[in-house]
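What follows is data.cif (mmCIF, C-alpha atoms).
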```cif
data_final
#
loop_
_atom_site.label_atom_id
_atom_site.label_comp_id
_atom_site.auth_asym_id
_atom_site.auth_seq_id
_atom_site.Cartn_x
_atom_site.Cartn_y
_atom_site.Cartn_z
CA MET N 1 0.00 0.00 0.00
CA ALA N 2 1.45 3.38 -1.08
CA HIS N 3 2.15 6.04 1.49
CA PRO N 4 -0.20 9.07 1.28
CA ASN N 5 2.71 11.58 1.22
CA ALA N 6 4.37 9.76 -1.66
CA SER N 7 1.15 9.92 -3.63
CA LYS N 8 0.87 13.68 -2.97
CA GLN N 9 4.49 14.35 -4.11
CA THR N 10 3.87 12.45 -7.36
CA SER N 11 0.74 14.53 -8.03
CA ASP N 12 2.64 17.82 -7.45
CA SER N 13 5.44 16.74 -9.79
CA VAL N 14 2.98 15.90 -12.55
CA GLN N 15 1.23 19.26 -12.15
CA ALA N 16 4.51 21.21 -12.28
CA ALA N 17 5.56 19.32 -15.42
CA ALA N 18 2.17 19.94 -17.01
CA ASP N 19 2.34 23.66 -16.16
CA GLN N 20 5.82 23.88 -17.63
CA LEU N 21 4.69 22.13 -20.83
CA LEU N 22 1.67 24.41 -21.20
CA LEU N 23 3.85 27.51 -20.72
CA GLN N 24 6.29 26.34 -23.37
CA VAL N 25 3.65 25.34 -25.92
CA TYR N 26 0.69 27.62 -25.41
CA ALA N 27 1.87 30.66 -23.39
CA PRO N 28 3.06 33.65 -25.45
CA ALA N 29 6.76 34.33 -25.71
CA ALA N 30 7.86 37.09 -23.31
CA VAL N 31 10.93 38.60 -21.76
CA VAL N 32 11.53 40.74 -18.67
CA LEU N 33 14.02 43.59 -18.97
CA ASN N 34 15.87 45.55 -16.29
CA PRO N 35 16.14 49.38 -16.52
CA ASP N 36 19.32 49.02 -18.65
CA GLY N 37 17.49 46.90 -21.26
CA ASP N 38 19.23 43.67 -20.30
CA ILE N 39 17.14 40.45 -20.39
CA VAL N 40 16.72 39.01 -16.89
CA TYR N 41 14.00 36.38 -17.66
CA ILE N 42 12.72 34.57 -20.77
CA SER N 43 9.36 32.80 -21.08
CA GLY N 44 8.38 30.66 -24.06
CA ARG N 45 10.05 30.54 -27.44
CA THR N 46 11.51 33.93 -28.31
CA GLY N 47 13.88 32.82 -31.06
CA LYS N 48 11.61 34.25 -33.79
CA TYR N 49 11.90 37.73 -32.29
CA LEU N 50 15.33 37.77 -30.63
CA GLU N 51 18.64 36.67 -32.07
CA PRO N 52 21.97 36.67 -30.20
CA ALA N 53 24.36 39.27 -31.61
CA ALA N 54 27.63 38.09 -33.14
CA GLY N 55 30.78 38.39 -31.04
CA LYS N 56 30.99 38.54 -27.27
CA ALA N 57 27.84 37.29 -25.46
CA ASN N 58 25.42 40.18 -25.05
CA TRP N 59 22.02 39.83 -23.38
CA ASN N 60 20.90 43.38 -24.14
CA PHE N 61 17.40 43.41 -25.62
CA HIS N 62 18.16 46.13 -28.19
CA ALA N 63 21.15 44.19 -29.52
CA MET N 64 19.14 40.96 -29.83
CA ALA N 65 15.89 42.32 -31.38
CA ARG N 66 15.41 41.22 -35.01
CA GLU N 67 15.14 43.58 -37.98
CA GLY N 68 11.77 45.30 -38.04
CA LEU N 69 11.28 45.27 -34.25
CA ARG N 70 14.34 47.20 -33.03
CA ALA N 71 13.24 50.77 -33.81
CA PRO N 72 9.52 50.45 -32.81
CA LEU N 73 10.40 48.64 -29.58
CA ALA N 74 13.05 51.24 -28.65
CA LYS N 75 10.41 53.97 -28.99
CA ALA N 76 7.78 51.88 -27.14
CA LEU N 77 10.13 51.15 -24.20
CA GLN N 78 10.69 54.88 -23.72
CA GLN N 79 6.95 55.61 -23.82
CA ALA N 80 5.95 52.72 -21.54
CA ALA N 81 8.37 53.77 -18.78
CA GLY N 82 5.94 56.38 -17.47
CA GLU N 83 2.67 54.51 -18.18
CA ARG N 84 0.72 52.12 -15.96
CA GLU N 85 -1.27 50.52 -18.82
CA PRO N 86 0.38 48.24 -21.39
CA LEU N 87 1.43 49.81 -24.69
CA GLN N 88 0.21 47.80 -27.70
CA LEU N 89 2.08 47.54 -30.99
CA LYS N 90 -0.02 45.88 -33.69
CA GLY N 91 0.95 44.30 -36.97
CA LEU N 92 4.72 44.67 -36.77
CA HIS N 93 6.70 42.72 -39.36
CA VAL N 94 9.69 40.63 -38.31
CA GLN N 95 12.29 39.84 -40.99
CA MET N 96 13.03 36.12 -40.75
CA PRO N 97 14.90 33.70 -43.01
CA GLY N 98 11.63 32.12 -44.12
CA GLY N 99 9.97 35.45 -44.86
CA PRO N 100 8.28 38.21 -42.93
CA GLN N 101 6.22 37.35 -39.82
CA THR N 102 3.51 39.62 -38.46
CA VAL N 103 3.46 39.99 -34.69
CA ASP N 104 1.60 41.97 -32.04
CA ILE N 105 3.70 43.17 -29.11
CA SER N 106 2.67 44.34 -25.66
CA VAL N 107 5.07 46.50 -23.62
CA GLN N 108 4.25 47.05 -19.95
CA SER N 109 6.16 48.70 -17.11
CA ILE N 110 6.06 46.50 -13.98
CA HIS N 111 5.14 48.19 -10.69
CA GLU N 112 4.29 45.07 -8.61
CA PRO N 113 5.53 42.87 -7.03
CA ALA N 114 8.40 44.77 -5.36
CA ALA N 115 11.00 42.29 -6.65
CA LEU N 116 10.15 43.25 -10.27
CA GLN N 117 9.48 46.94 -9.68
CA GLY N 118 11.15 49.17 -12.28
CA MET N 119 11.43 46.37 -14.85
CA THR N 120 9.57 46.02 -18.15
CA MET N 121 7.80 43.01 -19.66
CA VAL N 122 7.62 42.53 -23.42
CA VAL N 123 5.10 39.95 -24.73
CA PHE N 124 5.17 38.66 -28.33
CA ARG N 125 2.05 37.23 -30.05
CA ASP N 126 2.14 35.95 -33.61
CA VAL N 127 -0.70 37.13 -35.83
CA ALA N 128 -2.44 34.35 -37.78
CA PRO N 129 -2.54 34.76 -41.59
CA ALA N 130 -6.34 35.34 -41.45
CA ARG N 131 -5.84 38.29 -39.16
CA VAL N 132 -3.03 39.72 -41.19
CA GLY N 133 -5.47 41.30 -43.64
CA ARG N 134 -7.42 43.02 -40.86
CA HIS N 135 -4.31 44.26 -39.12
CA ARG N 136 -2.23 45.05 -42.20
CA ARG N 137 -3.43 48.62 -42.58
CA ARG N 138 -3.34 49.24 -38.83
CA GLY N 139 0.16 47.74 -38.59
CA GLN N 140 1.34 49.82 -41.50
CA THR N 141 -0.11 52.93 -39.85
CA GLU N 142 1.63 52.15 -36.60
CA LEU N 143 4.86 51.41 -38.44
CA GLU N 144 4.57 54.65 -40.35
CA ALA N 145 3.88 56.47 -37.08
CA ALA N 146 6.96 54.86 -35.53
CA HIS N 147 9.01 55.84 -38.57
CA ALA N 148 7.60 59.37 -38.42
CA ALA N 149 8.46 59.60 -34.70
CA GLU N 150 11.97 58.34 -35.43
CA LEU N 151 12.28 60.84 -38.28
CA GLN N 152 11.08 63.64 -35.97
CA MET N 153 13.65 62.57 -33.40
CA LEU N 154 16.38 62.70 -36.04
CA ARG N 155 15.22 66.14 -37.14
CA GLU N 156 15.34 67.39 -33.57
CA GLU N 157 18.85 65.99 -33.20
CA ILE N 158 19.87 67.69 -36.45
CA ASP N 159 18.42 71.00 -35.21
CA ALA N 160 20.29 70.61 -31.93
CA LEU N 161 23.49 69.87 -33.84
CA ARG N 162 22.90 72.95 -36.01
CA GLN N 163 22.43 75.12 -32.92
CA GLU N 164 25.59 73.67 -31.38
CA SER N 165 27.42 74.25 -34.67
CA ARG N 166 26.14 77.84 -34.77
CA ALA N 167 27.27 78.43 -31.17
CA ALA N 168 30.64 76.86 -31.90
CA LYS N 169 30.95 79.04 -35.01
CA GLU N 170 30.21 82.16 -32.95
CA GLU N 171 32.76 81.11 -30.32
CA LEU N 172 35.29 80.41 -33.06
CA GLN N 173 34.61 83.82 -34.61
CA SER N 174 34.99 85.50 -31.20
CA ALA N 175 38.24 83.60 -30.58
CA ASN N 176 39.42 84.59 -34.06
CA GLU N 177 38.70 88.25 -33.32
CA GLU N 178 40.56 88.00 -30.02
CA LEU N 179 43.50 86.36 -31.79
CA GLN N 180 43.44 89.09 -34.42
CA SER N 181 43.42 91.76 -31.71
CA THR N 182 46.27 89.99 -29.92
CA ASN N 183 48.15 89.75 -33.21
CA GLU N 184 47.74 93.49 -33.77
CA GLU N 185 48.98 94.19 -30.25
CA LEU N 186 51.96 91.91 -30.81
CA GLN N 187 52.66 93.62 -34.13
CA SER N 188 52.49 97.03 -32.43
CA THR N 189 54.78 95.78 -29.66
CA ASN N 190 57.16 94.40 -32.27
CA GLU N 191 57.24 97.78 -34.01
CA GLU N 192 57.93 99.49 -30.69
CA LEU N 193 60.70 96.99 -29.97
CA THR N 194 62.15 97.62 -33.43
CA THR N 195 62.09 101.37 -32.79
CA SER N 196 63.65 100.86 -29.36
CA LYS N 197 66.30 98.64 -30.92
CA GLU N 198 67.13 101.31 -33.48
CA GLU N 199 67.29 103.96 -30.74
CA MET N 200 69.51 101.72 -28.62
CA GLN N 201 71.71 101.07 -31.63
CA SER N 202 71.99 104.82 -32.22
CA MET N 203 72.76 105.40 -28.53
CA ASN N 204 75.32 102.62 -28.65
CA GLU N 205 77.01 104.28 -31.60
CA GLU N 206 77.01 107.60 -29.70
CA LEU N 207 78.42 105.87 -26.62
CA GLN N 208 81.13 104.29 -28.76
CA THR N 209 81.99 107.73 -30.15
CA ILE N 210 82.05 109.23 -26.64
CA ASN N 211 84.09 106.29 -25.39
CA SER N 212 86.54 106.78 -28.21
CA GLU N 213 86.78 110.49 -27.39
CA LEU N 214 87.26 109.70 -23.68
CA GLN N 215 89.92 107.17 -24.52
CA THR N 216 91.67 109.78 -26.61
CA LYS N 217 91.48 112.26 -23.74
CA LEU N 218 92.74 109.60 -21.32
CA ASP N 219 95.63 108.89 -23.63
CA ASP N 220 96.35 112.62 -23.87
CA LEU N 221 96.10 112.95 -20.07
CA ALA N 222 98.42 110.00 -19.56
CA LEU N 223 100.85 111.55 -22.02
CA GLU N 224 100.63 114.90 -20.21
CA GLN N 225 101.23 113.20 -16.88
CA SER N 226 104.24 111.43 -18.35
CA ASP N 227 105.49 114.74 -19.72
CA MET N 228 105.00 116.39 -16.32
CA LYS N 229 106.76 113.59 -14.52
CA ASN N 230 109.66 113.67 -16.92
CA LEU N 231 109.81 117.47 -16.65
CA LEU N 232 109.81 117.45 -12.85
CA ASN N 233 112.40 114.68 -12.69
CA SER N 234 114.59 116.43 -15.24
CA THR N 235 114.79 119.57 -13.06
CA GLU N 236 116.37 117.51 -10.26
CA ILE N 237 114.22 119.39 -7.79
CA ALA N 238 112.71 117.54 -4.87
CA ILE N 239 108.96 118.30 -4.92
CA LEU N 240 106.15 116.72 -2.92
CA PHE N 241 102.48 117.36 -3.90
CA LEU N 242 99.82 116.94 -1.20
CA ASP N 243 96.03 117.17 -1.61
CA GLU N 244 93.63 119.20 0.56
CA HIS N 245 93.81 116.52 3.27
CA LEU N 246 97.62 116.48 3.16
CA ASN N 247 97.67 113.07 1.50
CA VAL N 248 100.42 112.29 -1.01
CA ARG N 249 99.26 113.08 -4.55
CA ARG N 250 102.54 113.11 -6.54
CA TYR N 251 106.31 113.39 -5.96
CA THR N 252 109.57 113.60 -7.86
CA ASP N 253 112.40 111.11 -7.69
CA ARG N 254 114.55 113.57 -5.72
CA ALA N 255 111.80 113.95 -3.12
CA SER N 256 111.79 110.18 -2.49
CA LYS N 257 115.39 110.50 -1.24
CA ILE N 258 114.27 112.98 1.41
CA VAL N 259 110.80 111.65 2.27
CA ASN N 260 110.41 107.91 2.54
CA VAL N 261 107.72 107.59 -0.16
CA ARG N 262 107.06 105.28 -3.10
CA ASP N 263 104.23 104.58 -5.55
CA SER N 264 102.32 102.40 -3.10
CA ASP N 265 102.21 105.39 -0.69
CA LEU N 266 100.07 107.53 -3.01
CA GLY N 267 97.04 108.64 -1.01
CA ARG N 268 98.75 108.17 2.39
CA PRO N 269 98.80 111.08 4.90
CA LEU N 270 102.00 113.07 5.27
CA SER N 271 102.01 112.35 9.00
CA ASP N 272 102.47 108.60 8.27
CA LEU N 273 105.69 109.15 6.31
CA THR N 274 109.24 109.28 7.69
CA THR N 275 111.87 111.79 6.46
CA ILE N 276 115.58 112.52 6.90
CA LEU N 277 114.61 116.04 8.01
CA GLN N 278 114.99 117.19 11.58
CA TYR N 279 111.70 119.01 11.14
CA PRO N 280 108.99 117.67 13.46
CA ALA N 281 106.69 120.64 12.71
CA LEU N 282 106.53 119.83 8.96
CA HIS N 283 102.94 118.54 9.10
CA ASP N 284 101.74 121.43 11.27
CA ASP N 285 103.38 124.04 8.99
CA ALA N 286 101.79 122.42 5.93
CA LEU N 287 98.41 122.48 7.64
CA GLU N 288 98.89 126.15 8.56
CA THR N 289 99.79 127.07 4.98
CA LEU N 290 96.67 125.26 3.74
CA ARG N 291 94.57 127.20 6.27
CA THR N 292 96.10 130.70 5.81
CA LEU N 293 97.34 130.37 2.20
CA VAL N 294 100.63 131.97 3.34
CA PHE N 295 103.73 130.13 2.13
CA SER N 296 106.33 129.00 4.61
CA GLU N 297 110.08 128.57 4.11
CA LYS N 298 112.56 127.15 6.62
CA GLN N 299 116.14 125.86 6.52
CA VAL N 300 116.36 122.60 8.46
CA PRO N 301 119.17 120.13 9.03
CA THR N 302 119.06 116.54 7.90
CA ALA N 303 120.09 113.32 9.51
CA ASP N 304 123.01 112.94 7.10
CA GLY N 305 124.51 116.38 8.04
CA ARG N 306 123.10 118.47 5.18
CA TRP N 307 120.89 121.53 5.20
CA LEU N 308 117.71 121.80 3.14
CA SER N 309 115.47 124.74 2.44
CA VAL N 310 111.88 123.52 2.87
CA ARG N 311 109.31 125.74 1.15
CA ILE N 312 105.58 125.12 1.58
CA MET N 313 103.19 126.82 -0.88
CA PRO N 314 99.44 126.51 -1.60
CA TYR N 315 98.53 124.38 -4.65
CA ARG N 316 96.34 126.40 -7.00
CA ARG N 317 94.39 124.87 -9.84
CA LEU N 318 93.79 126.58 -13.17
CA ASP N 319 90.46 127.89 -11.86
CA ASN N 320 92.39 129.50 -8.94
CA ALA N 321 90.91 127.06 -6.40
CA ILE N 322 93.18 125.80 -3.58
CA ASP N 323 93.51 122.03 -3.75
CA GLY N 324 96.39 121.17 -1.42
CA VAL N 325 100.02 122.23 -0.91
CA VAL N 326 103.36 121.90 -2.72
CA ILE N 327 106.54 121.28 -0.72
CA THR N 328 109.93 121.86 -2.37
CA PHE N 329 113.27 120.81 -0.93
CA ALA N 330 116.47 122.67 -1.98
CA ASP N 331 119.97 121.74 -0.81
CA VAL N 332 121.57 124.82 0.86
CA THR N 333 124.44 122.97 2.53
CA THR N 334 127.09 124.91 0.60
CA THR N 335 125.51 128.21 1.48
CA LYS N 336 125.31 127.26 5.17
CA GLU N 337 128.98 126.17 5.16
CA LEU N 338 130.02 129.47 3.51
CA GLU N 339 128.09 131.46 6.08
CA SER N 340 129.74 129.48 8.87
CA ALA N 341 133.22 130.12 7.43
CA LEU N 342 132.54 133.84 7.11
CA ARG N 343 131.43 133.99 10.71
CA LYS N 344 134.64 132.31 11.85
CA ALA N 345 136.74 134.59 9.72
CA SER N 346 135.01 137.72 11.01
CA PRO N 347 134.19 137.04 14.62
CA GLY N 348 132.95 140.58 15.19
CA VAL N 349 130.48 140.40 12.30
CA ASN N 350 127.02 139.08 13.14
#
```

Re-express the file's structure as structure tokens.
Amino acid sequence: MAHPNASKQTSDSVQAAADQLLLQVYAPAAVVLNPDGDIVYISGRTGKYLEPAAGKANWNFHAMAREGLRAPLAKALQQAAGEREPLQLKGLHVQMPGGPQTVDISVQSIHEPAALQGMTMVVFRDVAPARVGRHRRRGQTELEAAHAAELQMLREEIDALRQESRAAKEELQSANEELQSTNEELQSTNEELTTSKEEMQSMNEELQTINSELQTKLDDLALEQSDMKNLLNSTEIAILFLDEHLNVRRYTDRASKIVNVRDSDLGRPLSDLTTILQYPALHDDALETLRTLVFSEKQVPTADGRWLSVRIMPYRRLDNAIDGVVITFADVTTTKELESALRKASPGVN
């Protein structure tokens, strides 16, 4: 005797198999799409309406729809997204290897249950040949309407592209005007730079001329200084030139034998130099002559037993300005010896 539960399980299995067979044979072909248009569920035989695209596996509904269904269904899916009632497409023609097939399609946005909310169901129903005549005109009208809608969409896209092209053209024209203005400014700046270059070149030529003249004057001055030095040295007179601060400006060779001075001492104060003179007031007398402009002359002995006449005079420039002092040293040893001899010879003569 069979167990009651076993009998019930066998009955349920038969019913499920029968339901599956009825769905495959008699239920219309349908697919469920997610918001991206990808197929998430297939019911019945959809091979007449959907064909896998060549290449990498792609379960997108738009890629798999056969010729004749792709454009109308794309439009219908957009319209059905905001509708609660199914959208009916009648008398559409599917291009198949065996010839065209007329089909009615229902497109409905799913709001319940929650698991399918936001998805879309597309149901395919073949139209029998007897019904083709009744639906032919209506299908053609719907197809023409779909084509007209698609054409209108293309026209709108063309208008949008024209507007974008017009805006881009205006921007390009504005940019071109700005570039032209910038080019004019650069050209003006280039002209100014060219003018400045010419002026600088002219100034450079003038500076070269002035430099050449200055060089000539420097050469002349150097020659004059050489002439002066040779002249002073040729007189065999010891002369020391001091500036307004009593710093050494120039001297003769003879003077260097009396005052310990050389070329490296040019610019040094007189008070820093040593001499063979027994004349400690030399610096003070020179300073007094510079202050009063009254020349001073004294006969002083030297460390080597000679006598020198030291004469301090103001140094006058060509414009009569005082610019230091001149000190000359003259050997008066013979004169001093003669005076001494005369005093000895004539004791009563002062």

query: What does the distance between atom CA of Ile276 of chain N and atom CA of Asp323 of chain N come to in Å, to one decimal place?
result: 26.3 Å

message: Could you check the closest approach to Ala76 of chain N for each of N:Thr46, N:Glu156, N:Asp36, N:Val122 and tell me which residue wins, using all atoms listed in the file?
response: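 Under the stated criterion, the closest residue is N:Val122.
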
Could you give me the axis-aligned bounding box of segment 55-69 of chain N, with 4 Å of padding per side, as centre plus edge lengths in Å to one decimal, as AutoDock Vina command-line options?
```
--center_x 21.1 --center_y 41.7 --center_z -30.7 --size_x 27.7 --size_y 16.8 --size_z 22.7
```

query: By how many Å are atom CA of Glu297 of chain N and atom CA of Leu277 of chain N apart?
result: 13.9 Å

- prompt: Of the candidates N:Leu73, N:Val123, N:Leu287, N:Ile258, which shows the shortest atom-to-atom distance to Arg306 of chain N, using all atoms listed in the file?
  reply: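 Smallest separation from Arg306 of chain N among the options: N:Ile258.
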
field: Pick from N:Val94, N:Ile312, N:Ala30, N:Ala53 nearest to Gln108 of chain N, counting all atoms listed in the file
entry: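 With all atoms listed in the file as the atom set, the closest residue is N:Ala30.
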
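Using only C-alpha atoms, the residues found no farther than 10 Å from Ala81 of chain N, other than those of its own chain fewer than 6 positions away, are N:Pro35, N:Leu87, N:Val107, N:Gln108, N:Ser109, N:Ile110, N:Gly118, N:Met119, N:Thr120.
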
- request: Please check which residues have atoms at most 9 Å from (110.3, 132.0, 0.8) in the file's coordinates, counting all atoms listed in the file, and write them as a PyMOL selection string.
  value: chain N and resi 295-298+310-313

Residue subset to file, keeping C-alpha atoms, as a PDB file, keeping the file's coordinate frame:
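Output below, filename result_17.pdb:
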```pdb
ATOM      1  CA  PHE N 295     103.730 130.130   2.130  1.00  0.00           C
ATOM      2  CA  SER N 296     106.330 129.000   4.610  1.00  0.00           C
ATOM      3  CA  GLU N 297     110.080 128.570   4.110  1.00  0.00           C
ATOM      4  CA  LYS N 298     112.560 127.150   6.620  1.00  0.00           C
ATOM      5  CA  VAL N 310     111.880 123.520   2.870  1.00  0.00           C
ATOM      6  CA  ARG N 311     109.310 125.740   1.150  1.00  0.00           C
ATOM      7  CA  ILE N 312     105.580 125.120   1.580  1.00  0.00           C
ATOM      8  CA  MET N 313     103.190 126.820  -0.880  1.00  0.00           C
TER       9      MET N 313
END
```

- prompt: So what do you get for atom CA of Glu164 of chain N versus atom CA of Ser181 of chain N, distance-wise?
  reply: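 Spanning atom CA of Glu164 of chain N to atom CA of Ser181 of chain N is a straight-line distance of 25.4 Å.
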